[in-house]
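Structure first, commentary second.
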Amino acid sequence: MSRQIIIIGRPNVGKSTLFNRLVGKKLALVDDQPGVTRDRRFGEASLLGLDFTIVDTAGWEDDDPSSLPGRMRAQTEASLEGADIALFVIDARAGITPLDEEIARWLREQTVPVILCANKAEGRAGDGGLYESFSLGMGDPVPLSAEHGEGMGDLFEALLPFF
Ligand code: GDP
Ligand code: MG
């Protein structure tokens with residue numbers, strides 16, 4: 001059976017862009033159009049010969065389970081059920097936010113293996129956030145640019161041990 005890899009992270013870090021990059025078609029719409037990626041979105045991905053199912057998620061806007069973002073977050077939690085690996089995406093240009101730290105805390109309580117991905121790392125603008133992300137305690141970050149297709153070889157190497 002195909003490995004299932006889930007993309008987790010706060011809004012706007014580039015989850016859907018990474019999903020599109022890995023699936024190779026415009027299946028997940030990018031940006032914050034209401035309703036676009038509220039649900040989990042599944043795609044068949046291929047990365048340098050590794051084939052897997054990729055899951056795009058939305059959610060993690062606040063803590064209140066009665067709010068819509070809270071419900072989306074609950075969905076993200078439920079979606080971990082079938083996942084073999086989680087890609088935890090942060091925005092290297094924005095640096096680490098309190099919400100990133102909250103997600104990291106939550107992920108550490110889960111059993112799924114996590115690969116930390118520092119997206120938007122093209123050029124030098126992401127250097128600060130990349131180094132900052134070591135403080136999340138989720139291992140070495142994989143610098144990526146989902147938009148420009150950079151870092152895919154490093155992501156491949158990070159994934160390889162799980163195949
Ligand atoms: P999501 O909310 O996490 O799914 O994020 P999106 O994939 O919708 O991307 C949010 C914004 O970040 C969009 O404007 C993307 O074009 C932009 N973005 C995504 N990946 C990159 C990247 O690697 N570099 C830069 N500079 N921008 C990116
Ligand atoms: Mg999205």
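By order of appearance in the structure tokens: chains A, B, ..., then residues from 1 within every chain, and ligands from 1 in the order shown.
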Inset, instruction - Just list the residues in range 43-134 of chain A DSSP gives strand (DSSP E) on the backbone, as a ChimeraX atom specification. - result: /A:43-47,50-56,85-91,114-119
Pull N, CA and C atoms from the residues just selected and write them as a CSV table (one decimal), in the first residue's frame.
```csv
chain,number,residue,atom,x,y,z
A,43,GLY,N,-3.6,13.5,-3.0
A,43,GLY,CA,-3.0,13.5,-4.3
A,43,GLY,C,-2.0,12.4,-4.4
A,44,GLU,N,-1.8,11.9,-5.6
A,44,GLU,CA,-0.7,10.9,-5.8
A,44,GLU,C,0.5,11.6,-6.2
A,45,ALA,N,1.6,11.5,-5.4
A,45,ALA,CA,2.8,12.3,-5.6
A,45,ALA,C,3.9,11.4,-6.0
A,46,SER,N,4.9,12.0,-6.7
A,46,SER,CA,6.1,11.3,-7.1
A,46,SER,C,7.2,12.3,-6.9
A,47,LEU,N,8.3,11.8,-6.1
A,47,LEU,CA,9.4,12.7,-5.9
A,47,LEU,C,10.7,11.8,-6.2
A,50,LEU,N,10.3,8.2,-5.7
A,50,LEU,CA,9.4,7.8,-4.6
A,50,LEU,C,8.0,8.1,-4.9
A,51,ASP,N,7.1,7.1,-4.8
A,51,ASP,CA,5.7,7.4,-5.0
A,51,ASP,C,5.0,7.3,-3.7
A,52,PHE,N,4.1,8.2,-3.4
A,52,PHE,CA,3.3,8.2,-2.2
A,52,PHE,C,2.0,9.0,-2.3
A,53,THR,N,1.2,8.8,-1.4
A,53,THR,CA,-0.1,9.6,-1.3
A,53,THR,C,0.2,10.8,-0.4
A,54,ILE,N,-0.1,12.0,-0.9
A,54,ILE,CA,0.1,13.2,-0.2
A,54,ILE,C,-1.2,13.9,0.2
A,55,VAL,N,-1.2,14.4,1.5
A,55,VAL,CA,-2.5,15.0,2.0
A,55,VAL,C,-2.2,16.4,2.4
A,56,ASP,N,-3.0,17.3,1.8
A,56,ASP,CA,-2.9,18.7,2.1
A,56,ASP,C,-4.0,19.0,3.2
A,85,ILE,N,3.8,9.6,7.7
A,85,ILE,CA,4.9,10.6,7.9
A,85,ILE,C,4.1,12.0,7.9
A,86,ALA,N,4.6,12.9,8.7
A,86,ALA,CA,4.1,14.3,8.6
A,86,ALA,C,5.2,15.2,8.2
A,87,LEU,N,4.9,16.1,7.2
A,87,LEU,CA,5.7,17.2,6.8
A,87,LEU,C,5.2,18.4,7.6
A,88,PHE,N,6.0,18.9,8.5
A,88,PHE,CA,5.6,20.1,9.3
A,88,PHE,C,6.3,21.3,8.6
A,89,VAL,N,5.4,22.1,8.0
A,89,VAL,CA,6.0,23.2,7.2
A,89,VAL,C,5.9,24.5,8.0
A,90,ILE,N,7.1,25.2,8.0
A,90,ILE,CA,7.1,26.6,8.5
A,90,ILE,C,7.5,27.5,7.4
A,91,ASP,N,7.3,28.8,7.6
A,91,ASP,CA,7.7,29.8,6.7
A,91,ASP,C,9.0,30.4,7.1
A,114,VAL,N,8.0,13.0,12.1
A,114,VAL,CA,7.8,14.4,11.6
A,114,VAL,C,9.1,14.8,10.9
A,115,ILE,N,8.9,15.3,9.7
A,115,ILE,CA,10.0,16.0,9.0
A,115,ILE,C,9.7,17.5,8.9
A,116,LEU,N,10.6,18.3,9.5
A,116,LEU,CA,10.5,19.7,9.6
A,116,LEU,C,10.9,20.3,8.2
A,117,CYS,N,10.0,21.1,7.6
A,117,CYS,CA,10.3,21.7,6.3
A,117,CYS,C,10.3,23.2,6.4
A,118,ALA,N,11.4,23.8,6.2
A,118,ALA,CA,11.5,25.3,6.2
A,118,ALA,C,11.2,25.8,4.8
A,119,ASN,N,10.0,26.2,4.5
A,119,ASN,CA,9.7,26.6,3.1
A,119,ASN,C,9.9,28.1,2.9
```
Legend entry - Test item: residues at most 12 Å from Asp154 in chain A, only C-alpha atoms, excluding those fewer than 3 positions along its chain, as a PyMOL selection string: chain A and resi 47-48+115-118+140-145+149-151+157-160
Residues of chain A within 6 Å of ligand 1: nearest atom pair and distance (Å, one decimal) for each, counting only C-alpha atoms and all ligand atoms, sorted by chain and number, as a tab-separated table?
```
residue	atom	partner	partner_atom_place_in_ligand_line	distance
A:Pro11	CA	ligand 1	2 (O)	4.0
A:Asn12	CA	ligand 1	2 (O)	3.4
A:Val13	CA	ligand 1	3 (O)	4.1
A:Gly14	CA	ligand 1	5 (O)	3.3
A:Lys15	CA	ligand 1	3 (O)	3.7
A:Ser16	CA	ligand 1	7 (O)	3.7
A:Thr17	CA	ligand 1	7 (O)	3.7
A:Val30	CA	ligand 1	8 (O)	3.8
A:Asp31	CA	ligand 1	8 (O)	3.5
A:Asn119	CA	ligand 1	23 (O)	5.3
A:Lys120	CA	ligand 1	24 (N)	3.4
A:Ser145	CA	ligand 1	23 (O)	3.3
A:Ala146	CA	ligand 1	23 (O)	4.0
A:Glu147	CA	ligand 1	23 (O)	4.0
A:His148	CA	ligand 1	23 (O)	5.9
```
With N, CA and C atoms retained, write the just-selected residues as a PDB file, in the first residue's frame.
```pdb
ATOM      1  N   PRO A  11      -1.555  28.511   8.567  1.00  0.00           N
ATOM      2  CA  PRO A  11      -1.943  29.032   7.254  1.00  0.00           C
ATOM      3  C   PRO A  11      -0.825  29.835   6.592  1.00  0.00           C
ATOM      4  N   ASN A  12      -0.777  29.755   5.281  1.00  0.00           N
ATOM      5  CA  ASN A  12       0.066  30.617   4.465  1.00  0.00           C
ATOM      6  C   ASN A  12       1.559  30.261   4.432  1.00  0.00           C
ATOM      7  N   VAL A  13       1.931  29.119   4.990  1.00  0.00           N
ATOM      8  CA  VAL A  13       3.346  28.727   4.949  1.00  0.00           C
ATOM      9  C   VAL A  13       3.725  28.080   3.616  1.00  0.00           C
ATOM     10  N   GLY A  14       2.710  27.726   2.819  1.00  0.00           N
ATOM     11  CA  GLY A  14       2.993  27.130   1.507  1.00  0.00           C
ATOM     12  C   GLY A  14       2.644  25.651   1.415  1.00  0.00           C
ATOM     13  N   LYS A  15       1.740  25.186   2.267  1.00  0.00           N
ATOM     14  CA  LYS A  15       1.359  23.763   2.247  1.00  0.00           C
ATOM     15  C   LYS A  15       0.772  23.350   0.899  1.00  0.00           C
ATOM     16  N   SER A  16      -0.167  24.156   0.401  1.00  0.00           N
ATOM     17  CA  SER A  16      -0.825  23.785  -0.855  1.00  0.00           C
ATOM     18  C   SER A  16       0.142  23.898  -2.037  1.00  0.00           C
ATOM     19  N   THR A  17       1.057  24.854  -1.939  1.00  0.00           N
ATOM     20  CA  THR A  17       2.070  24.989  -2.994  1.00  0.00           C
ATOM     21  C   THR A  17       2.971  23.758  -3.022  1.00  0.00           C
ATOM     22  N   VAL A  30      -4.087  27.393  -4.489  1.00  0.00           N
ATOM     23  CA  VAL A  30      -3.207  28.120  -3.582  1.00  0.00           C
ATOM     24  C   VAL A  30      -3.918  29.391  -3.117  1.00  0.00           C
ATOM     25  N   ASP A  31      -3.498  29.908  -2.002  1.00  0.00           N
ATOM     26  CA  ASP A  31      -3.985  31.146  -1.396  1.00  0.00           C
ATOM     27  C   ASP A  31      -5.204  30.908  -0.509  1.00  0.00           C
ATOM     28  N   ASN A 119      10.010  26.192   4.490  1.00  0.00           N
ATOM     29  CA  ASN A 119       9.653  26.602   3.128  1.00  0.00           C
ATOM     30  C   ASN A 119       9.938  28.096   2.914  1.00  0.00           C
ATOM     31  N   LYS A 120       9.864  28.526   1.690  1.00  0.00           N
ATOM     32  CA  LYS A 120      10.179  29.906   1.271  1.00  0.00           C
ATOM     33  C   LYS A 120      11.643  30.210   1.571  1.00  0.00           C
ATOM     34  N   SER A 145      11.970  25.419  -1.258  1.00  0.00           N
ATOM     35  CA  SER A 145      11.153  26.449  -1.879  1.00  0.00           C
ATOM     36  C   SER A 145      10.132  25.730  -2.737  1.00  0.00           C
ATOM     37  N   ALA A 146       8.957  25.558  -2.185  1.00  0.00           N
ATOM     38  CA  ALA A 146       7.901  24.844  -2.908  1.00  0.00           C
ATOM     39  C   ALA A 146       7.575  25.580  -4.194  1.00  0.00           C
ATOM     40  N   GLU A 147       7.620  26.912  -4.118  1.00  0.00           N
ATOM     41  CA  GLU A 147       7.263  27.713  -5.281  1.00  0.00           C
ATOM     42  C   GLU A 147       8.281  27.557  -6.405  1.00  0.00           C
ATOM     43  N   HIS A 148       9.547  27.507  -6.047  1.00  0.00           N
ATOM     44  CA  HIS A 148      10.597  27.454  -7.063  1.00  0.00           C
ATOM     45  C   HIS A 148      11.132  26.041  -7.277  1.00  0.00           C
TER      46      HIS A 148
END
```
Contacts of Ala78 in chain A at 12 Å (only C-alpha atoms; same-chain gap of 2+ positions) as a short mmCIF file (atom, residue, chain, number, x, y, z; two decimals) with N, CA and C atoms, in the first residue's frame:
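Saved the output as around-v6.cif:
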```cif
data_model
loop_
_atom_site.label_atom_id
_atom_site.label_comp_id
_atom_site.auth_asym_id
_atom_site.auth_seq_id
_atom_site.Cartn_x
_atom_site.Cartn_y
_atom_site.Cartn_z
N ILE A 6 1.37 13.44 5.22
CA ILE A 6 0.45 14.55 5.46
C ILE A 6 1.22 15.84 5.67
N ASP A 39 -11.00 21.14 3.56
CA ASP A 39 -10.96 19.69 3.74
C ASP A 39 -9.56 19.18 3.45
N ARG A 40 -9.33 18.00 3.88
CA ARG A 40 -8.11 17.33 3.44
C ARG A 40 -8.20 17.11 1.94
N THR A 57 -3.67 19.84 4.12
CA THR A 57 -4.62 20.15 5.19
C THR A 57 -4.74 21.65 5.37
N GLY A 59 -6.19 24.51 8.59
CA GLY A 59 -6.65 24.55 9.98
C GLY A 59 -5.65 25.28 10.84
N ARG A 71 -12.55 23.86 14.30
CA ARG A 71 -13.07 22.64 13.68
C ARG A 71 -12.12 22.14 12.60
N MET A 72 -11.52 23.07 11.89
CA MET A 72 -10.55 22.64 10.88
C MET A 72 -9.36 21.97 11.55
N ARG A 73 -8.99 22.52 12.72
CA ARG A 73 -7.88 21.92 13.43
C ARG A 73 -8.22 20.51 13.88
N ALA A 74 -9.46 20.34 14.33
CA ALA A 74 -9.89 19.01 14.75
C ALA A 74 -9.79 18.04 13.58
N GLN A 75 -10.12 18.55 12.40
CA GLN A 75 -10.03 17.72 11.21
C GLN A 75 -8.58 17.33 10.93
N THR A 76 -7.68 18.27 11.13
CA THR A 76 -6.27 17.98 10.94
C THR A 76 -5.83 16.89 11.90
N LEU A 80 -4.51 12.71 10.95
CA LEU A 80 -3.24 12.04 11.24
C LEU A 80 -3.40 10.53 11.32
N GLU A 81 -4.61 10.08 11.52
CA GLU A 81 -4.89 8.64 11.71
C GLU A 81 -4.20 7.76 10.68
N GLY A 82 -4.39 8.08 9.41
CA GLY A 82 -3.85 7.21 8.37
C GLY A 82 -2.45 7.59 7.90
N ALA A 83 -1.85 8.60 8.54
CA ALA A 83 -0.60 9.14 8.02
C ALA A 83 0.61 8.36 8.52
N GLN A 110 2.34 13.24 19.29
CA GLN A 110 1.80 12.22 18.37
C GLN A 110 2.88 11.18 18.07
#
```
Inset, instruction - Point out the residue among A:Val23, A:Ile7, A:Ala94, A:Leu155 with the least atom-to-atom distance to ligand 2, counting only C-alpha atoms and all ligand atoms. - result: A:Ile7
